[in-house]
Amino acid sequence: MKQETANAAFHVRDIPIHGKIILAPMAGFSDVPYRALCRAYGSAMNYTEFVPADALLGRRNPMWNKLNIKEGESPIVFQIFGNNAQTLLRAAQRIEELGPDIIDINMGCSTRKVSRRGAGAGMLRQPALIAETFSLLSRHISVPITGKIRLGWSDEQRNFVEIGRILEDNGASLVAMHARTKKQKYDADADWDAIAELKQAVTIPVIGNGDVRTPADVNRMIAHTGCDGVMVGRAAIGNPWIFGRQSRGDLQFSDIASAMRLHLREMLSYYGNPHGLILFRKHTKRYFLRIAAKKIISALVQTPDSDEFLRILDRAETAVPPHTSIHHLGCLHEGEWVID
Ligand SMILES: Cc1cc2nc3c(=O)[nH]c(=O)nc-3n(C[C@H](O)[C@H](O)[C@H](O)COP(=O)(O)O)c2cc1C
């Protein structure tokens, strides 16, 4: 029985997904605080960072922390990777107890360490392993099993249609595709025609991914490919407004400051103080992308004191002329609105 079917954009088996824009899994970024922020701004479904299946078999270790979730965070997808179907099954059985809505197998990671061992994008070269993994997991795990893939290993080995069909035939409930090959890593334009081709080839929902930077891109990808959902990765860092289809350039500085305060609060509550503040520094730089404010940024990323951080942010907010869009601020010269 499908729950709350009305108003769902699509379903992952019986799980309704209320929206089309989804935060991509990103190691080092999609942690509990950032997912909470993106959820608040409209991400319809969140993935954890990927976790190696073999680290989930023995005693609890720090890798397990990547599967922490905030109370009420749903739908949440736990993402794991490995190169052995039995190991992936045992890991999935263990983590199922932690309450994920969905378990996803990463078949897209292009880093040498992962893919050369036949895990991540390395799985794309082993269709039989993919079939075995999904057949085992979909029979023995009660939550839906999904896969995140790339176009293939290389231009000569673009097998995403074959892999999509294998996933579907072996019980996968959704396929997300980053429309580049393993060899392309993050270079070259994402091939949205391929997402359209995959959508035509399977009946399970398809999430398109790659090169979505603006709300207009979201609409363009949906129109171009017919995909059920759009996954946003790098363009969502420092820019959670994309989930509400708002352009960052149209915002005012007060919008940025509000998101930063909420994000920092989540960081401090999850990681503690000042660790959460230190980890927040990489996000601070991204919130200030294309805003002419070198002095403010350097003051924000240097202070070890979260109260001081908030004071600097307050002063910056007061210094910015009201009703000034971020687009306009980006055009200002350094010094036109500095603190003190
Ligand atoms: C820093 C970083 C970490 C990533 N970590 C993961 C991961 O853990 N699992 C995964 O499936 N993809 C991971 N990816 C890939 C993204 O999910 C996404 O497929 C890719 O960035 C393309 O989307 P984009 O153009 O919207 O960024 C990562 C990407 C980046 C930039």
# chains A, B, ... in the order shown; residues from 1 in each chain; ligands from 1

$ select_by_dssp --residues "region 17-161 of chain A" --states "strand (DSSP E or B)" --output "ChimeraX atom specification"
/A:17,21-23,46-47,51-52,76-81,102-107,145-150

$ write_last_selection --atoms "C-alpha atoms" --output "compact mmCIF listing (two decimals), in the first residue's frame"
# COMPACT_ATOMS: atom_id res chain seq x y z
CA ILE A 17 8.71 11.73 -2.36
CA ILE A 21 14.79 18.45 -6.08
CA ILE A 22 17.10 16.29 -4.03
CA LEU A 23 20.41 16.96 -2.30
CA ASN A 46 18.45 13.22 1.44
CA TYR A 47 21.31 10.77 1.10
CA VAL A 51 30.17 4.44 3.69
CA PRO A 52 32.33 1.39 2.83
CA ILE A 76 16.61 9.36 4.30
CA VAL A 77 18.77 7.17 2.08
CA PHE A 78 21.80 5.38 3.52
CA GLN A 79 24.47 5.02 0.86
CA ILE A 80 27.04 2.22 0.96
CA PHE A 81 29.65 0.89 -1.46
CA ILE A 102 16.00 3.42 1.60
CA ILE A 103 19.44 1.84 1.09
CA ASP A 104 21.45 2.94 -1.95
CA ILE A 105 24.44 1.31 -3.59
CA ASN A 106 27.05 3.75 -4.88
CA MET A 107 28.18 2.75 -8.38
CA ILE A 145 17.13 -0.70 -2.61
CA THR A 146 18.29 1.91 -5.11
CA GLY A 147 21.41 2.57 -7.16
CA LYS A 148 23.43 5.62 -8.15
CA ILE A 149 25.38 5.17 -11.37
CA ARG A 150 27.36 7.02 -14.03

$ closest_atom_pairs --of "chain A" --to "ligand 1" --cutoff "8 Å" --atoms "only C-alpha atoms and all ligand atoms" --output "Markdown table"
| residue | atom | partner | partner_atom_place_in_ligand_line | distance |
| --- | --- | --- | --- | --- |
| A:Ala24 | CA | ligand 1 | 17 (O) | 4.3 |
| A:Pro25 | CA | ligand 1 | 17 (O) | 4.4 |
| A:Met26 | CA | ligand 1 | 5 (N) | 3.3 |
| A:Ala27 | CA | ligand 1 | 5 (N) | 3.9 |
| A:Gly28 | CA | ligand 1 | 1 (C) | 6.1 |
| A:Phe29 | CA | ligand 1 | 1 (C) | 6.7 |
| A:Thr48 | CA | ligand 1 | 8 (O) | 7.4 |
| A:Glu49 | CA | ligand 1 | 8 (O) | 4.2 |
| A:Phe50 | CA | ligand 1 | 8 (O) | 4.0 |
| A:Val51 | CA | ligand 1 | 8 (O) | 7.5 |
| A:Gln79 | CA | ligand 1 | 9 (N) | 7.1 |
| A:Asn106 | CA | ligand 1 | 11 (O) | 5.2 |
| A:Met107 | CA | ligand 1 | 11 (O) | 7.2 |
| A:Gly108 | CA | ligand 1 | 11 (O) | 5.8 |
| A:Cys109 | CA | ligand 1 | 12 (N) | 6.0 |
| A:Lys148 | CA | ligand 1 | 11 (O) | 6.0 |
| A:Ile149 | CA | ligand 1 | 11 (O) | 7.8 |
| A:Met177 | CA | ligand 1 | 19 (O) | 7.4 |
| A:His178 | CA | ligand 1 | 19 (O) | 4.8 |
| A:Ala179 | CA | ligand 1 | 22 (C) | 7.9 |
| A:Tyr186 | CA | ligand 1 | 22 (C) | 7.1 |
| A:Ala190 | CA | ligand 1 | 25 (O) | 7.7 |
| A:Asn209 | CA | ligand 1 | 23 (O) | 5.3 |
| A:Gly210 | CA | ligand 1 | 25 (O) | 3.7 |
| A:Asp211 | CA | ligand 1 | 25 (O) | 4.0 |
| A:Val212 | CA | ligand 1 | 26 (O) | 5.4 |
| A:Arg213 | CA | ligand 1 | 26 (O) | 7.0 |
| A:Met231 | CA | ligand 1 | 26 (O) | 6.3 |
| A:Val232 | CA | ligand 1 | 26 (O) | 4.0 |
| A:Gly233 | CA | ligand 1 | 26 (O) | 3.5 |
| A:Arg234 | CA | ligand 1 | 27 (O) | 3.8 |
| A:Ala235 | CA | ligand 1 | 26 (O) | 5.9 |
| A:Ala236 | CA | ligand 1 | 26 (O) | 7.6 |

$ write_last_selection --atoms "N, CA and C atoms" --output "mmCIF file, in the first residue's frame"
data_model
loop_
_atom_site.group_PDB
_atom_site.id
_atom_site.type_symbol
_atom_site.label_atom_id
_atom_site.label_comp_id
_atom_site.auth_asym_id
_atom_site.auth_seq_id
_atom_site.Cartn_x
_atom_site.Cartn_y
_atom_site.Cartn_z
ATOM 1 N N ALA A 24 22.293 15.876 -3.417
ATOM 2 C CA ALA A 24 23.163 14.750 -3.789
ATOM 3 C C ALA A 24 23.991 14.298 -2.585
ATOM 4 N N PRO A 25 24.342 13.007 -2.547
ATOM 5 C CA PRO A 25 25.301 12.589 -1.525
ATOM 6 C C PRO A 25 26.653 13.228 -1.822
ATOM 7 N N MET A 26 27.272 13.844 -0.822
ATOM 8 C CA MET A 26 28.596 14.431 -1.039
ATOM 9 C C MET A 26 29.444 14.208 0.203
ATOM 10 N N ALA A 27 30.446 13.340 0.050
ATOM 11 C CA ALA A 27 31.347 13.068 1.163
ATOM 12 C C ALA A 27 31.971 14.386 1.610
ATOM 13 N N GLY A 28 31.980 14.623 2.897
ATOM 14 C CA GLY A 28 32.559 15.857 3.433
ATOM 15 C C GLY A 28 31.563 17.000 3.487
ATOM 16 N N PHE A 29 30.397 16.840 2.923
ATOM 17 C CA PHE A 29 29.397 17.918 2.945
ATOM 18 C C PHE A 29 28.022 17.457 3.438
ATOM 19 N N THR A 48 22.863 10.033 2.811
ATOM 20 C CA THR A 48 24.054 10.181 3.648
ATOM 21 C C THR A 48 25.283 10.223 2.736
ATOM 22 N N GLU A 49 26.431 10.557 3.308
ATOM 23 C CA GLU A 49 27.701 10.375 2.590
ATOM 24 C C GLU A 49 27.891 8.864 2.392
ATOM 25 N N PHE A 50 28.682 8.474 1.410
ATOM 26 C CA PHE A 50 28.849 7.025 1.211
ATOM 27 C C PHE A 50 29.742 6.408 2.292
ATOM 28 N N VAL A 51 29.444 5.140 2.624
ATOM 29 C CA VAL A 51 30.169 4.439 3.687
ATOM 30 C C VAL A 51 30.610 3.080 3.129
ATOM 31 N N GLN A 79 23.719 5.467 2.028
ATOM 32 C CA GLN A 79 24.466 5.020 0.858
ATOM 33 C C GLN A 79 25.714 4.237 1.253
ATOM 34 N N ASN A 106 26.282 2.794 -4.078
ATOM 35 C CA ASN A 106 27.054 3.746 -4.884
ATOM 36 C C ASN A 106 27.791 2.984 -5.987
ATOM 37 N N MET A 107 27.470 3.339 -7.227
ATOM 38 C CA MET A 107 28.175 2.747 -8.379
ATOM 39 C C MET A 107 28.724 3.867 -9.251
ATOM 40 N N GLY A 108 29.035 5.004 -8.588
ATOM 41 C CA GLY A 108 29.470 6.159 -9.358
ATOM 42 C C GLY A 108 30.790 6.755 -8.914
ATOM 43 N N CYS A 109 31.282 6.350 -7.744
ATOM 44 C CA CYS A 109 32.491 7.006 -7.235
ATOM 45 C C CYS A 109 33.658 6.731 -8.172
ATOM 46 N N LYS A 148 22.969 4.375 -7.529
ATOM 47 C CA LYS A 148 23.430 5.621 -8.152
ATOM 48 C C LYS A 148 24.586 5.262 -9.083
ATOM 49 N N ILE A 149 24.421 5.604 -10.349
ATOM 50 C CA ILE A 149 25.382 5.168 -11.367
ATOM 51 C C ILE A 149 25.952 6.366 -12.133
ATOM 52 N N MET A 177 21.289 8.881 -11.850
ATOM 53 C CA MET A 177 22.456 8.841 -12.736
ATOM 54 C C MET A 177 23.152 10.182 -12.827
ATOM 55 N N HIS A 178 24.435 10.176 -12.486
ATOM 56 C CA HIS A 178 25.329 11.310 -12.740
ATOM 57 C C HIS A 178 25.786 11.131 -14.189
ATOM 58 N N ALA A 179 25.396 12.073 -15.043
ATOM 59 C CA ALA A 179 25.538 11.868 -16.482
ATOM 60 C C ALA A 179 26.940 12.146 -17.013
ATOM 61 N N TYR A 186 34.720 14.863 -13.138
ATOM 62 C CA TYR A 186 33.806 16.009 -13.083
ATOM 63 C C TYR A 186 34.029 16.953 -14.265
ATOM 64 N N ALA A 190 27.822 17.370 -18.498
ATOM 65 C CA ALA A 190 26.976 16.203 -18.245
ATOM 66 C C ALA A 190 26.089 15.984 -19.470
ATOM 67 N N ASN A 209 21.184 13.794 -12.740
ATOM 68 C CA ASN A 209 22.204 14.511 -11.965
ATOM 69 C C ASN A 209 23.376 14.923 -12.859
ATOM 70 N N GLY A 210 23.839 16.145 -12.590
ATOM 71 C CA GLY A 210 25.015 16.645 -13.290
ATOM 72 C C GLY A 210 24.753 17.993 -13.922
ATOM 73 N N ASP A 211 25.532 19.006 -13.461
ATOM 74 C CA ASP A 211 25.477 20.348 -14.050
ATOM 75 C C ASP A 211 24.186 21.106 -13.801
ATOM 76 N N VAL A 212 23.459 20.799 -12.738
ATOM 77 C CA VAL A 212 22.293 21.618 -12.406
ATOM 78 C C VAL A 212 22.774 22.690 -11.433
ATOM 79 N N ARG A 213 22.725 23.957 -11.886
ATOM 80 C CA ARG A 213 23.289 25.033 -11.061
ATOM 81 C C ARG A 213 22.254 26.061 -10.646
ATOM 82 N N MET A 231 18.833 15.793 -8.988
ATOM 83 C CA MET A 231 19.744 15.776 -7.839
ATOM 84 C C MET A 231 20.764 16.898 -8.008
ATOM 85 N N VAL A 232 20.949 17.677 -6.943
ATOM 86 C CA VAL A 232 21.880 18.811 -7.018
ATOM 87 C C VAL A 232 22.999 18.602 -6.009
ATOM 88 N N GLY A 233 24.221 18.680 -6.490
ATOM 89 C CA GLY A 233 25.377 18.497 -5.625
ATOM 90 C C GLY A 233 26.097 19.802 -5.363
ATOM 91 N N ARG A 234 27.161 20.058 -6.158
ATOM 92 C CA ARG A 234 28.032 21.198 -5.871
ATOM 93 C C ARG A 234 27.298 22.524 -5.817
ATOM 94 N N ALA A 235 26.299 22.689 -6.672
ATOM 95 C CA ALA A 235 25.606 23.986 -6.703
ATOM 96 C C ALA A 235 24.729 24.217 -5.475
ATOM 97 N N ALA A 236 24.577 23.190 -4.651
ATOM 98 C CA ALA A 236 23.760 23.376 -3.429
ATOM 99 C C ALA A 236 24.623 23.812 -2.250
#

$ residues_around --residues "His323 (chain A)" --least-positions-apart "4" --cutoff "12 Å" --atoms "only C-alpha atoms" --output "JSON, numbers by chain"
{"A": [250, 251, 252, 253, 254, 255, 317, 318, 327, 328, 329]}

$ write_last_selection --atoms "C-alpha atoms" --output "compact mmCIF listing (two decimals), in the first residue's frame"
# COMPACT_ATOMS: atom_id res chain seq x y z
CA ASP A 250 17.90 37.55 -6.35
CA LEU A 251 18.31 37.11 -2.59
CA GLN A 252 19.30 39.79 -0.14
CA PHE A 253 22.19 39.54 2.28
CA SER A 254 19.75 39.02 5.17
CA ASP A 255 18.61 35.76 3.49
CA GLU A 317 24.05 42.48 7.81
CA THR A 318 23.49 45.94 9.29
CA HIS A 327 23.67 40.04 -7.65
CA HIS A 328 24.18 43.74 -6.95
CA LEU A 329 26.48 43.13 -3.96

$ residues_around --residues "Val230 (chain A)" --least-positions-apart "2" --cutoff "6 Å" --atoms "only C-alpha atoms" --output "VMD selection string"
chain A and resid 20 to 21 207 to 208

$ residues_around --residues "Ala119 (chain A)" --least-positions-apart "4" --cutoff "7 Å" --atoms "only C-alpha atoms" --output "list of chain:residue names"
A:Phe81, A:Gly82, A:Asn83, A:Met107, A:Val114, A:Ser115, A:Met123

$ atom_distance --atom1 "CA of Phe160 (chain A)" --atom2 "CA of Ala9 (chain A)"
24.0 Å

$ closest_residue --among "A:Glu96, A:Glu266, A:Asp305, A:Glu156" --to "Val143 (chain A)" --atoms "only C-alpha atoms"
A:Glu96

$ closest_residue --among "A:Thr133, A:Arg139, A:Asn84, A:Cys38" --to "Gly118 (chain A)" --atoms "only C-alpha atoms"
A:Asn84

$ closest_residue --among "A:Ala44, A:Arg94, A:Ile163, A:Met63" --to "His140 (chain A)" --atoms "only C-alpha atoms"
A:Arg94

$ closest_residue --among "A:Lys113, A:His18, A:Arg13, A:Lys182" --to "Ser43 (chain A)" --atoms "only C-alpha atoms"
A:His18

$ atom_distance --atom1 "CA of Leu124 (chain A)" --atom2 "CA of Gly152 (chain A)"
6.0 Å

$ select_by_dssp --residues "region 141-199 of chain A" --states "alpha helix (DSSP H)" --output "list in words"
Phe160, Val161, Glu162, Ile163, Gly164, Arg165, Ile166, Leu167, Glu168, Asp169, Trp192, Asp193, Ala194, Ile195, Ala196, Glu197, Leu198 and Lys199 of chain A

$ atom_distance --atom1 "CA of His283 (chain A)" --atom2 "CA of Leu56 (chain A)"
28.7 Å

$ closest_residue --among "A:Cys227, A:Val12, A:Ala85, A:Ile256" --to "Pro240 (chain A)" --atoms "only C-alpha atoms"
A:Ile256

$ residues_around --residues "region 275-279 of chain A" --least-positions-apart "6" --cutoff "12 Å" --atoms "only C-alpha atoms" --output "VMD selection string"
chain A and resid 28 to 29 31 to 34 260 to 261 263 to 269 285 300 to 310

$ write_last_selection --atoms "C-alpha atoms" --output "PDB file, in the first residue's frame"
ATOM      1  CA  GLY A  28      32.559  15.857   3.433  1.00  0.00           C
ATOM      2  CA  PHE A  29      29.397  17.918   2.945  1.00  0.00           C
ATOM      3  CA  ASP A  31      26.388  15.480   7.009  1.00  0.00           C
ATOM      4  CA  VAL A  32      23.536  15.718   9.533  1.00  0.00           C
ATOM      5  CA  PRO A  33      23.652  19.547   9.858  1.00  0.00           C
ATOM      6  CA  TYR A  34      23.806  20.280   6.147  1.00  0.00           C
ATOM      7  CA  MET A 260      24.169  30.767   7.847  1.00  0.00           C
ATOM      8  CA  ARG A 261      22.775  31.207  11.365  1.00  0.00           C
ATOM      9  CA  HIS A 263      23.302  26.083   9.480  1.00  0.00           C
ATOM     10  CA  LEU A 264      25.780  27.113  12.178  1.00  0.00           C
ATOM     11  CA  ARG A 265      23.246  26.307  14.904  1.00  0.00           C
ATOM     12  CA  GLU A 266      22.862  22.809  13.430  1.00  0.00           C
ATOM     13  CA  MET A 267      26.665  22.430  13.234  1.00  0.00           C
ATOM     14  CA  LEU A 268      27.205  23.456  16.855  1.00  0.00           C
ATOM     15  CA  SER A 269      24.440  21.237  18.093  1.00  0.00           C
ATOM     16  CA  LYS A 285      33.337  30.715   1.979  1.00  0.00           C
ATOM     17  CA  LEU A 300      34.491  35.017   9.913  1.00  0.00           C
ATOM     18  CA  VAL A 301      36.813  32.160   9.040  1.00  0.00           C
ATOM     19  CA  GLN A 302      39.427  33.182  11.592  1.00  0.00           C
ATOM     20  CA  THR A 303      37.429  33.582  14.738  1.00  0.00           C
ATOM     21  CA  PRO A 304      37.430  30.550  17.044  1.00  0.00           C
ATOM     22  CA  ASP A 305      34.424  31.922  18.921  1.00  0.00           C
ATOM     23  CA  SER A 306      30.914  31.270  17.653  1.00  0.00           C
ATOM     24  CA  ASP A 307      29.417  34.299  19.488  1.00  0.00           C
ATOM     25  CA  GLU A 308      32.011  36.503  17.831  1.00  0.00           C
ATOM     26  CA  PHE A 309      31.179  34.873  14.487  1.00  0.00           C
ATOM     27  CA  LEU A 310      27.520  35.770  14.952  1.00  0.00           C
TER      28      LEU A 310
END

$ decode --residues "region 21-123 of chain A" --atoms "C-alpha atoms" --output "CSV table (one decimal), in the first residue's frame"
chain,number,residue,atom,x,y,z
A,21,ILE,CA,14.8,18.4,-6.1
A,22,ILE,CA,17.1,16.3,-4.0
A,23,LEU,CA,20.4,17.0,-2.3
A,24,ALA,CA,23.2,14.7,-3.8
A,25,PRO,CA,25.3,12.6,-1.5
A,26,MET,CA,28.6,14.4,-1.0
A,27,ALA,CA,31.3,13.1,1.2
A,28,GLY,CA,32.6,15.9,3.4
A,29,PHE,CA,29.4,17.9,2.9
A,30,SER,CA,26.1,16.0,3.3
A,31,ASP,CA,26.4,15.5,7.0
A,32,VAL,CA,23.5,15.7,9.5
A,33,PRO,CA,23.7,19.5,9.9
A,34,TYR,CA,23.8,20.3,6.1
A,35,ARG,CA,21.1,17.8,5.4
A,36,ALA,CA,18.9,19.4,8.1
A,37,LEU,CA,19.4,22.8,6.4
A,38,CYS,CA,18.7,21.5,2.9
A,39,ARG,CA,15.6,19.8,4.2
A,40,ALA,CA,14.4,23.0,5.8
A,41,TYR,CA,14.9,24.8,2.4
A,42,GLY,CA,13.0,22.1,0.5
A,43,SER,CA,15.2,19.1,-0.4
A,44,ALA,CA,12.7,16.3,-1.0
A,45,MET,CA,14.9,13.4,0.0
A,46,ASN,CA,18.4,13.2,1.4
A,47,TYR,CA,21.3,10.8,1.1
A,48,THR,CA,24.1,10.2,3.6
A,49,GLU,CA,27.7,10.4,2.6
A,50,PHE,CA,28.8,7.0,1.2
A,51,VAL,CA,30.2,4.4,3.7
A,52,PRO,CA,32.3,1.4,2.8
A,53,ALA,CA,30.3,-1.8,3.4
A,54,ASP,CA,33.3,-3.6,5.0
A,55,ALA,CA,33.6,-0.9,7.7
A,56,LEU,CA,30.0,-1.8,8.8
A,57,LEU,CA,30.6,-5.5,9.5
A,58,GLY,CA,32.7,-5.5,12.6
A,59,ARG,CA,32.6,-3.5,15.8
A,60,ARG,CA,31.1,0.0,15.6
A,61,ASN,CA,33.8,2.5,14.4
A,62,PRO,CA,33.8,6.2,13.4
A,63,MET,CA,32.4,5.3,9.9
A,64,TRP,CA,29.1,4.5,11.5
A,65,ASN,CA,28.7,8.1,12.5
A,66,LYS,CA,28.1,8.9,8.8
A,67,LEU,CA,24.8,7.1,9.2
A,68,ASN,CA,23.6,9.2,12.1
A,69,ILE,CA,20.3,10.9,11.4
A,70,LYS,CA,18.5,13.7,13.0
A,71,GLU,CA,15.2,12.7,14.7
A,72,GLY,CA,12.4,12.8,12.2
A,73,GLU,CA,14.7,13.1,9.2
A,74,SER,CA,12.8,11.3,6.4
A,75,PRO,CA,13.0,10.1,3.7
A,76,ILE,CA,16.6,9.4,4.3
A,77,VAL,CA,18.8,7.2,2.1
A,78,PHE,CA,21.8,5.4,3.5
A,79,GLN,CA,24.5,5.0,0.9
A,80,ILE,CA,27.0,2.2,1.0
A,81,PHE,CA,29.7,0.9,-1.5
A,82,GLY,CA,31.7,-2.3,-1.9
A,83,ASN,CA,32.8,-4.9,-4.4
A,84,ASN,CA,31.2,-8.0,-3.0
A,85,ALA,CA,27.5,-8.8,-3.0
A,86,GLN,CA,27.6,-10.8,0.2
A,87,THR,CA,29.5,-8.0,2.0
A,88,LEU,CA,27.0,-5.5,0.8
A,89,LEU,CA,24.1,-7.7,1.9
A,90,ARG,CA,25.6,-8.2,5.4
A,91,ALA,CA,26.3,-4.4,5.7
A,92,ALA,CA,22.7,-3.6,4.6
A,93,GLN,CA,21.3,-6.1,7.1
A,94,ARG,CA,23.2,-4.4,9.9
A,95,ILE,CA,22.3,-0.8,9.0
A,96,GLU,CA,18.7,-1.6,8.3
A,97,GLU,CA,18.3,-1.6,12.1
A,98,LEU,CA,19.2,2.1,12.2
A,99,GLY,CA,16.0,3.0,10.4
A,100,PRO,CA,16.8,4.2,6.9
A,101,ASP,CA,13.9,4.6,4.5
A,102,ILE,CA,16.0,3.4,1.6
A,103,ILE,CA,19.4,1.8,1.1
A,104,ASP,CA,21.4,2.9,-2.0
A,105,ILE,CA,24.4,1.3,-3.6
A,106,ASN,CA,27.1,3.7,-4.9
A,107,MET,CA,28.2,2.7,-8.4
A,108,GLY,CA,29.5,6.2,-9.4
A,109,CYS,CA,32.5,7.0,-7.2
A,110,SER,CA,35.4,7.7,-9.6
A,111,THR,CA,38.2,7.9,-7.2
A,112,ARG,CA,41.0,5.5,-8.0
A,113,LYS,CA,41.0,4.0,-4.5
A,114,VAL,CA,37.4,3.0,-4.8
A,115,SER,CA,36.8,2.3,-8.5
A,116,ARG,CA,40.0,0.3,-9.1
A,117,ARG,CA,38.9,-2.2,-6.5
A,118,GLY,CA,35.7,-2.8,-8.4
A,119,ALA,CA,33.6,-0.7,-6.0
A,120,GLY,CA,31.8,2.6,-6.9
A,121,ALA,CA,32.0,3.2,-10.6
A,122,GLY,CA,34.2,0.0,-10.8
A,123,MET,CA,30.9,-2.0,-10.4
